[in-house]
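The file protein.cif contains mmCIF, C-alpha atoms:
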```
data_upload
loop_
_atom_site.label_atom_id
_atom_site.label_comp_id
_atom_site.auth_asym_id
_atom_site.auth_seq_id
_atom_site.Cartn_x
_atom_site.Cartn_y
_atom_site.Cartn_z
CA MET A 17 -1.11 4.39 11.69
CA SER A 18 -0.39 1.14 13.51
CA GLU A 19 -3.98 1.10 14.77
CA LEU A 20 -5.19 1.21 11.17
CA ALA A 21 -2.84 -1.64 10.29
CA THR A 22 -4.16 -3.69 13.20
CA LEU A 23 -7.75 -3.15 12.07
CA ALA A 24 -6.94 -3.73 8.40
CA ARG A 25 -4.85 -6.90 8.80
CA PRO A 26 -7.78 -9.37 9.25
CA TYR A 27 -9.47 -8.00 6.12
CA ALA A 28 -6.23 -8.23 4.14
CA GLU A 29 -5.62 -11.77 5.41
CA ALA A 30 -9.15 -12.84 4.47
CA ALA A 31 -8.84 -11.27 1.02
CA PHE A 32 -5.47 -12.92 0.44
CA LYS A 33 -6.72 -16.31 1.63
CA ARG A 34 -9.71 -16.07 -0.72
CA ALA A 35 -7.48 -14.94 -3.59
CA LYS A 36 -5.19 -17.93 -3.07
CA GLU A 37 -8.16 -20.33 -2.90
CA THR A 38 -9.54 -19.06 -6.19
CA GLY A 39 -6.21 -18.36 -7.94
CA THR A 40 -7.08 -14.69 -8.40
CA THR A 41 -4.33 -12.84 -6.53
CA ALA A 42 -3.76 -10.40 -9.41
CA LYS A 43 -7.49 -9.63 -9.72
CA TRP A 44 -7.74 -9.03 -5.98
CA SER A 45 -4.76 -6.67 -6.23
CA ASP A 46 -6.58 -4.75 -8.95
CA ASN A 47 -9.85 -4.71 -6.95
CA LEU A 48 -8.17 -3.42 -3.80
CA ALA A 49 -6.06 -0.85 -5.64
CA PHE A 50 -9.16 0.46 -7.42
CA LEU A 51 -11.17 0.66 -4.20
CA SER A 52 -8.30 2.46 -2.52
CA ALA A 53 -8.05 4.96 -5.39
CA VAL A 54 -11.80 5.65 -5.42
CA LEU A 55 -11.96 6.08 -1.66
CA SER A 56 -8.98 8.45 -1.65
CA ASP A 57 -11.13 11.02 -3.48
CA SER A 58 -12.08 13.76 -1.01
CA ASN A 59 -15.72 13.94 -2.18
CA ILE A 60 -16.18 10.19 -1.77
CA ALA A 61 -14.52 10.33 1.66
CA LEU A 62 -16.92 13.10 2.73
CA ALA A 63 -19.91 11.09 1.51
CA ALA A 64 -18.65 7.97 3.31
CA ASP A 65 -18.38 9.91 6.60
CA ASN A 66 -21.73 11.67 6.23
CA PRO A 67 -24.20 10.17 8.73
CA LYS A 68 -27.12 11.63 6.74
CA ILE A 69 -26.39 9.27 3.85
CA ALA A 70 -27.83 5.81 4.42
CA LYS A 71 -25.43 2.90 4.04
CA GLU A 72 -27.61 1.36 1.34
CA SER A 73 -27.62 4.61 -0.67
CA PHE A 74 -23.88 4.96 -0.32
CA LEU A 75 -23.38 1.32 -1.31
CA ASN A 76 -25.45 1.86 -4.47
CA LEU A 77 -23.42 4.99 -5.26
CA MET A 78 -20.15 3.08 -4.83
CA LEU A 79 -21.37 0.15 -6.94
CA ASP A 80 -22.33 2.61 -9.69
CA ILE A 81 -18.93 4.30 -9.51
CA CYS A 82 -17.03 1.03 -9.50
CA GLY A 83 -19.12 -0.49 -12.27
CA GLU A 84 -17.19 -3.12 -14.17
CA HIS A 85 -13.89 -2.33 -12.44
CA LEU A 86 -14.75 -4.73 -9.62
CA ASP A 87 -15.64 -8.37 -10.04
CA GLN A 88 -18.36 -9.93 -7.89
CA GLU A 89 -15.97 -10.75 -5.05
CA GLY A 90 -14.68 -7.17 -5.10
CA LYS A 91 -18.25 -5.90 -4.87
CA ASN A 92 -18.95 -8.27 -1.97
CA PHE A 93 -15.81 -7.02 -0.23
CA LEU A 94 -16.96 -3.43 -0.73
CA LYS A 95 -20.33 -4.32 0.81
CA LEU A 96 -18.55 -5.88 3.78
CA LEU A 97 -16.40 -2.77 4.34
CA ILE A 98 -19.44 -0.49 4.17
CA HIS A 99 -21.50 -2.72 6.45
CA ASN A 100 -18.68 -2.85 9.05
CA ASN A 101 -17.84 0.89 8.75
CA ARG A 102 -14.31 0.06 7.59
CA LEU A 103 -14.05 2.00 4.33
CA LYS A 104 -11.27 4.17 5.76
CA LEU A 105 -9.12 1.03 5.90
CA ALA A 106 -9.18 0.39 2.15
CA ALA A 107 -5.72 1.83 1.45
CA GLN A 108 -4.19 0.02 4.42
CA ILE A 109 -5.90 -3.25 3.44
CA ALA A 110 -4.51 -2.93 -0.08
CA LYS A 111 -1.02 -2.25 1.27
CA ILE A 112 -1.04 -5.23 3.64
CA TYR A 113 -2.54 -7.47 0.94
CA GLU A 114 0.33 -6.53 -1.38
CA GLN A 115 2.83 -7.41 1.36
CA PHE A 116 1.21 -10.85 1.72
CA ARG A 117 1.29 -11.30 -2.05
CA ALA A 118 4.92 -10.25 -2.29
CA ASP A 119 5.92 -12.66 0.47
CA ASP A 120 3.98 -15.48 -1.17
CA GLU A 121 5.45 -14.83 -4.61
CA GLY A 122 8.98 -14.43 -3.24
CA TYR A 123 9.68 -10.79 -3.93
CA SER A 124 9.88 -7.62 -1.90
CA GLU A 125 8.49 -4.21 -2.76
CA VAL A 126 11.15 -1.65 -1.91
CA GLN A 127 10.56 2.09 -1.78
CA VAL A 128 13.55 4.16 -2.76
CA ILE A 129 13.37 7.89 -2.19
CA SER A 130 16.26 9.75 -3.74
CA ALA A 131 17.27 13.38 -3.66
CA TYR A 132 18.07 13.12 -7.39
CA PRO A 133 17.04 10.75 -10.19
CA LEU A 134 18.96 7.46 -10.21
CA THR A 135 20.63 6.28 -13.42
CA GLU A 136 19.86 2.82 -14.77
CA ASP A 137 23.29 1.60 -13.61
CA GLU A 138 22.64 2.92 -10.09
CA GLN A 139 19.23 1.25 -10.06
CA GLY A 140 20.71 -2.06 -11.24
CA ASN A 141 23.45 -1.88 -8.61
CA LEU A 142 20.89 -1.07 -5.93
CA VAL A 143 18.64 -3.97 -6.99
CA SER A 144 21.50 -6.49 -6.87
CA ARG A 145 22.65 -5.32 -3.43
CA LEU A 146 19.11 -5.31 -2.02
CA GLU A 147 18.42 -8.80 -3.41
CA ARG A 148 21.53 -10.12 -1.66
CA TRP A 149 20.59 -8.32 1.57
CA LEU A 150 16.92 -9.41 1.57
CA ASN A 151 17.45 -12.84 -0.07
CA LYS A 152 14.47 -12.08 -2.33
CA GLN A 153 13.76 -10.63 -5.70
CA VAL A 154 13.25 -6.89 -5.45
CA ARG A 155 10.81 -4.55 -7.18
CA LEU A 156 11.75 -0.91 -6.81
CA ASP A 157 9.32 1.96 -6.39
CA ILE A 158 11.54 4.98 -6.96
CA TRP A 159 10.65 8.61 -6.47
CA ASN A 160 12.51 11.83 -5.89
CA ASP A 161 12.40 14.26 -2.98
CA ARG A 162 14.85 17.15 -3.28
CA SER A 163 14.32 18.03 0.40
CA LEU A 164 16.58 15.06 1.25
CA ILE A 165 19.51 17.19 0.01
CA GLY A 166 21.49 14.10 -1.06
CA GLY A 167 21.55 10.31 -0.75
CA VAL A 168 18.70 7.80 -0.63
CA LEU A 169 16.11 6.53 1.84
CA ILE A 170 15.23 2.85 1.39
CA ARG A 171 12.18 1.12 2.90
CA ALA A 172 11.69 -2.63 2.56
CA GLY A 173 8.82 -3.71 4.79
CA ASP A 174 9.81 -2.80 8.34
CA LYS A 175 13.47 -2.27 7.40
CA VAL A 176 14.67 1.29 6.77
CA ILE A 177 18.04 2.50 5.54
CA ASP A 178 18.44 6.25 5.76
CA GLY A 179 21.49 7.30 3.78
CA THR A 180 20.26 10.83 3.20
CA VAL A 181 22.05 14.03 4.10
CA LYS A 182 18.86 15.30 5.71
CA GLY A 183 18.62 12.16 7.87
CA GLN A 184 22.24 12.45 8.96
CA LEU A 185 21.80 16.13 9.83
CA LEU A 186 18.74 15.29 11.94
CA HIS A 187 20.69 12.51 13.65
CA MET A 188 23.54 14.92 14.43
CA GLN A 189 21.06 17.49 15.72
CA LYS A 190 19.60 14.96 18.16
CA ALA A 191 23.05 13.86 19.28
CA LEU A 192 24.06 17.44 20.03
CA GLN A 193 20.98 18.25 22.09
#
```

As structure tokens:
Amino acid sequence: MSELATLARPYAEAAFKRAKETGTTAKWSDNLAFLSAVLSDSNIALAADNPKIAKESFLNLMLDICGEHLDQEGKNFLKLLIHNNRLKLAAQIAKIYEQFRADDEGYSEVQVISAYPLTEDEQGNLVSRLERWLNKQVRLDIWNDRSLIGGVLIRAGDKVIDGTVKGQLLHMQKALQ
């Protein structure tokens, strides 16, 4: 995973720099998210990895699929990824790009994984505490995972808070071994 991030970072940096120069950070977000979604399809991934399919043919296929969803710079970026055999990095590039954008715009994307749905009051309380802790505005991405048994797992960039029952049980298991 870290190897993918290392390979993807220069592409994300270049995309972000270009987006800032042209004032199109939101459009670049859309382009990268769309590319990532298209390339996550298993049939497209198989075609991308197939050495029997010429790069030019695959590029034409991708341009047809993407159609009007990508602007010209998005299409050029797609061509670059295909030419450099870096299509597998699309999701990682999009993720890193969004981190750059969040840092630039002064907010932090925070993943919250909860064993049970959080009420609006709990979400509001969590947002205010995280904003004080991170000294940034916070945007929550909340989802549920009942396997956590109870509590929440919070990820903000490279910071992780594991307040789950499952996490504490695993920690106790390791301590007892």

Q) Which residues match the PyMOL selection byres ((chain A and resi 167) around 12) in the file above, as a ChimeraX atom specification? A) /A:128-134,138,160-166,168-170,177-184

(Q) Please report the interatomic distance between CA of Gln108 (chain A) and CA of Ala21 (chain A) in Å with one decimal. (A) 6.2 Å

Q | Selection near Lys36 (chain A), 12 Å with only C-alpha atoms, sequence-local residues under 4 positions removed, as JSON, numbers by chain | A | {"A": [29, 30, 31, 32, 40, 41, 42, 43, 44, 45, 113, 116, 117, 120, 121]}

Q. If you count only C-alpha atoms, which residues fall within 12 Å of Leu75 (chain A), apart from same-chain ones fewer than 4 positions away, as JSON, numbers by chain?
A. {"A": [60, 63, 64, 69, 70, 71, 79, 80, 81, 82, 83, 91, 92, 93, 94, 95, 96, 97, 98, 99, 101, 103]}

**Q.** Separation of CA of Leu156 (chain A) from CA of Glu89 (chain A) in Å
**A.** 29.5 Å

Q. What is the CA of Ala53 (chain A) to CA of Thr22 (chain A) distance in Å?
A.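 Separation of CA of Ala53 (chain A) and CA of Thr22 (chain A): 20.9 Å.
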
Q) Using only C-alpha atoms, which of the listed residues (A:Val143, A:Leu62, A:Leu192, A:Ala110) sits closest to Asp157 (chain A)? A)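 That would be A:Val143, the residue with the smallest distance to Asp157 (chain A).
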
Q.
For the provided coordinates, the residues matched by the PyMOL selection byres ((chain A and resi 144-152) around 8) should be stated as a ChimeraX atom specification.
A. /A:122-124,140-143,153-154

Q. Between A:Glu125, A:Asp174, A:Asp137, A:Glu114, which one has atoms that come closest to Ile158 (chain A), using all atoms listed in the file?
A. A:Glu125

Q. Using all atoms listed in the file, which of A:Glu84, A:Glu72, A:Glu37, A:Asp46 sits nearest Lys111 (chain A)?
A.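 For Lys111 (chain A), the nearest of the candidates is A:Asp46.
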
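In terms of minimum interatomic distance to Ala118 (chain A), A:Ala172 ranks closest within A:Ala172, A:Leu186, A:Ala191, A:Ala49, counting all atoms listed in the file.
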
Place N, CA, C and O atoms on region 144-165 of chain A and deliver the coordinates as a PDB file, in the frame of the given file.
```pdb
ATOM      1  N   SER A 144      20.673  -5.320  -7.175  1.00  0.00           N
ATOM      2  CA  SER A 144      21.500  -6.490  -6.870  1.00  0.00           C
ATOM      3  C   SER A 144      21.924  -6.511  -5.404  1.00  0.00           C
ATOM      4  O   SER A 144      21.901  -7.565  -4.760  1.00  0.00           O
ATOM      5  N   ARG A 145      22.276  -5.367  -4.848  1.00  0.00           N
ATOM      6  CA  ARG A 145      22.650  -5.320  -3.430  1.00  0.00           C
ATOM      7  C   ARG A 145      21.471  -5.630  -2.513  1.00  0.00           C
ATOM      8  O   ARG A 145      21.606  -6.348  -1.529  1.00  0.00           O
ATOM      9  N   LEU A 146      20.298  -5.063  -2.843  1.00  0.00           N
ATOM     10  CA  LEU A 146      19.110  -5.310  -2.020  1.00  0.00           C
ATOM     11  C   LEU A 146      18.670  -6.772  -2.108  1.00  0.00           C
ATOM     12  O   LEU A 146      18.236  -7.347  -1.108  1.00  0.00           O
ATOM     13  N   GLU A 147      18.787  -7.382  -3.275  1.00  0.00           N
ATOM     14  CA  GLU A 147      18.420  -8.800  -3.410  1.00  0.00           C
ATOM     15  C   GLU A 147      19.332  -9.681  -2.562  1.00  0.00           C
ATOM     16  O   GLU A 147      18.871 -10.639  -1.948  1.00  0.00           O
ATOM     17  N   ARG A 148      20.611  -9.356  -2.519  1.00  0.00           N
ATOM     18  CA  ARG A 148      21.530 -10.120  -1.660  1.00  0.00           C
ATOM     19  C   ARG A 148      21.187  -9.898  -0.189  1.00  0.00           C
ATOM     20  O   ARG A 148      21.207 -10.832   0.610  1.00  0.00           O
ATOM     21  N   TRP A 149      20.880  -8.664   0.182  1.00  0.00           N
ATOM     22  CA  TRP A 149      20.590  -8.320   1.570  1.00  0.00           C
ATOM     23  C   TRP A 149      19.275  -8.956   2.040  1.00  0.00           C
ATOM     24  O   TRP A 149      19.184  -9.472   3.146  1.00  0.00           O
ATOM     25  N   LEU A 150      18.238  -8.925   1.193  1.00  0.00           N
ATOM     26  CA  LEU A 150      16.920  -9.410   1.570  1.00  0.00           C
ATOM     27  C   LEU A 150      16.703 -10.894   1.229  1.00  0.00           C
ATOM     28  O   LEU A 150      15.728 -11.494   1.674  1.00  0.00           O
ATOM     29  N   ASN A 151      17.599 -11.461   0.416  1.00  0.00           N
ATOM     30  CA  ASN A 151      17.450 -12.840  -0.070  1.00  0.00           C
ATOM     31  C   ASN A 151      16.125 -13.044  -0.791  1.00  0.00           C
ATOM     32  O   ASN A 151      15.464 -14.067  -0.629  1.00  0.00           O
ATOM     33  N   LYS A 152      15.704 -12.045  -1.548  1.00  0.00           N
ATOM     34  CA  LYS A 152      14.470 -12.080  -2.330  1.00  0.00           C
ATOM     35  C   LYS A 152      14.670 -11.263  -3.589  1.00  0.00           C
ATOM     36  O   LYS A 152      15.560 -10.407  -3.644  1.00  0.00           O
ATOM     37  N   GLN A 153      13.792 -11.520  -4.559  1.00  0.00           N
ATOM     38  CA  GLN A 153      13.760 -10.630  -5.700  1.00  0.00           C
ATOM     39  C   GLN A 153      13.209  -9.289  -5.228  1.00  0.00           C
ATOM     40  O   GLN A 153      12.408  -9.241  -4.294  1.00  0.00           O
ATOM     41  N   VAL A 154      13.625  -8.232  -5.875  1.00  0.00           N
ATOM     42  CA  VAL A 154      13.250  -6.890  -5.450  1.00  0.00           C
ATOM     43  C   VAL A 154      12.556  -6.158  -6.591  1.00  0.00           C
ATOM     44  O   VAL A 154      12.988  -6.238  -7.740  1.00  0.00           O
ATOM     45  N   ARG A 155      11.482  -5.468  -6.247  1.00  0.00           N
ATOM     46  CA  ARG A 155      10.810  -4.550  -7.180  1.00  0.00           C
ATOM     47  C   ARG A 155      10.918  -3.163  -6.570  1.00  0.00           C
ATOM     48  O   ARG A 155      10.457  -2.936  -5.459  1.00  0.00           O
ATOM     49  N   LEU A 156      11.525  -2.265  -7.318  1.00  0.00           N
ATOM     50  CA  LEU A 156      11.750  -0.910  -6.810  1.00  0.00           C
ATOM     51  C   LEU A 156      10.589   0.013  -7.154  1.00  0.00           C
ATOM     52  O   LEU A 156      10.049  -0.028  -8.248  1.00  0.00           O
ATOM     53  N   ASP A 157      10.247   0.849  -6.195  1.00  0.00           N
ATOM     54  CA  ASP A 157       9.320   1.960  -6.390  1.00  0.00           C
ATOM     55  C   ASP A 157      10.148   3.201  -6.078  1.00  0.00           C
ATOM     56  O   ASP A 157      10.397   3.507  -4.916  1.00  0.00           O
ATOM     57  N   ILE A 158      10.595   3.873  -7.123  1.00  0.00           N
ATOM     58  CA  ILE A 158      11.540   4.980  -6.960  1.00  0.00           C
ATOM     59  C   ILE A 158      10.837   6.310  -7.176  1.00  0.00           C
ATOM     60  O   ILE A 158      10.098   6.477  -8.139  1.00  0.00           O
ATOM     61  N   TRP A 159      11.104   7.244  -6.275  1.00  0.00           N
ATOM     62  CA  TRP A 159      10.650   8.610  -6.470  1.00  0.00           C
ATOM     63  C   TRP A 159      11.653   9.572  -5.881  1.00  0.00           C
ATOM     64  O   TRP A 159      12.512   9.180  -5.106  1.00  0.00           O
ATOM     65  N   ASN A 160      11.535  10.816  -6.280  1.00  0.00           N
ATOM     66  CA  ASN A 160      12.510  11.830  -5.890  1.00  0.00           C
ATOM     67  C   ASN A 160      11.921  12.821  -4.899  1.00  0.00           C
ATOM     68  O   ASN A 160      10.745  13.156  -4.979  1.00  0.00           O
ATOM     69  N   ASP A 161      12.780  13.252  -3.971  1.00  0.00           N
ATOM     70  CA  ASP A 161      12.400  14.260  -2.980  1.00  0.00           C
ATOM     71  C   ASP A 161      13.640  15.116  -2.746  1.00  0.00           C
ATOM     72  O   ASP A 161      14.561  14.718  -2.039  1.00  0.00           O
ATOM     73  N   ARG A 162      13.664  16.290  -3.357  1.00  0.00           N
ATOM     74  CA  ARG A 162      14.850  17.150  -3.280  1.00  0.00           C
ATOM     75  C   ARG A 162      15.112  17.662  -1.863  1.00  0.00           C
ATOM     76  O   ARG A 162      16.204  18.103  -1.552  1.00  0.00           O
ATOM     77  N   SER A 163      14.113  17.572  -0.969  1.00  0.00           N
ATOM     78  CA  SER A 163      14.320  18.030   0.400  1.00  0.00           C
ATOM     79  C   SER A 163      15.303  17.129   1.159  1.00  0.00           C
ATOM     80  O   SER A 163      15.771  17.502   2.230  1.00  0.00           O
ATOM     81  N   LEU A 164      15.626  15.962   0.605  1.00  0.00           N
ATOM     82  CA  LEU A 164      16.580  15.060   1.250  1.00  0.00           C
ATOM     83  C   LEU A 164      18.027  15.561   1.120  1.00  0.00           C
ATOM     84  O   LEU A 164      18.915  15.024   1.754  1.00  0.00           O
ATOM     85  N   ILE A 165      18.237  16.541   0.269  1.00  0.00           N
ATOM     86  CA  ILE A 165      19.510  17.190   0.010  1.00  0.00           C
ATOM     87  C   ILE A 165      20.451  16.285  -0.792  1.00  0.00           C
ATOM     88  O   ILE A 165      20.987  16.675  -1.803  1.00  0.00           O
TER      89      ILE A 165
END
```
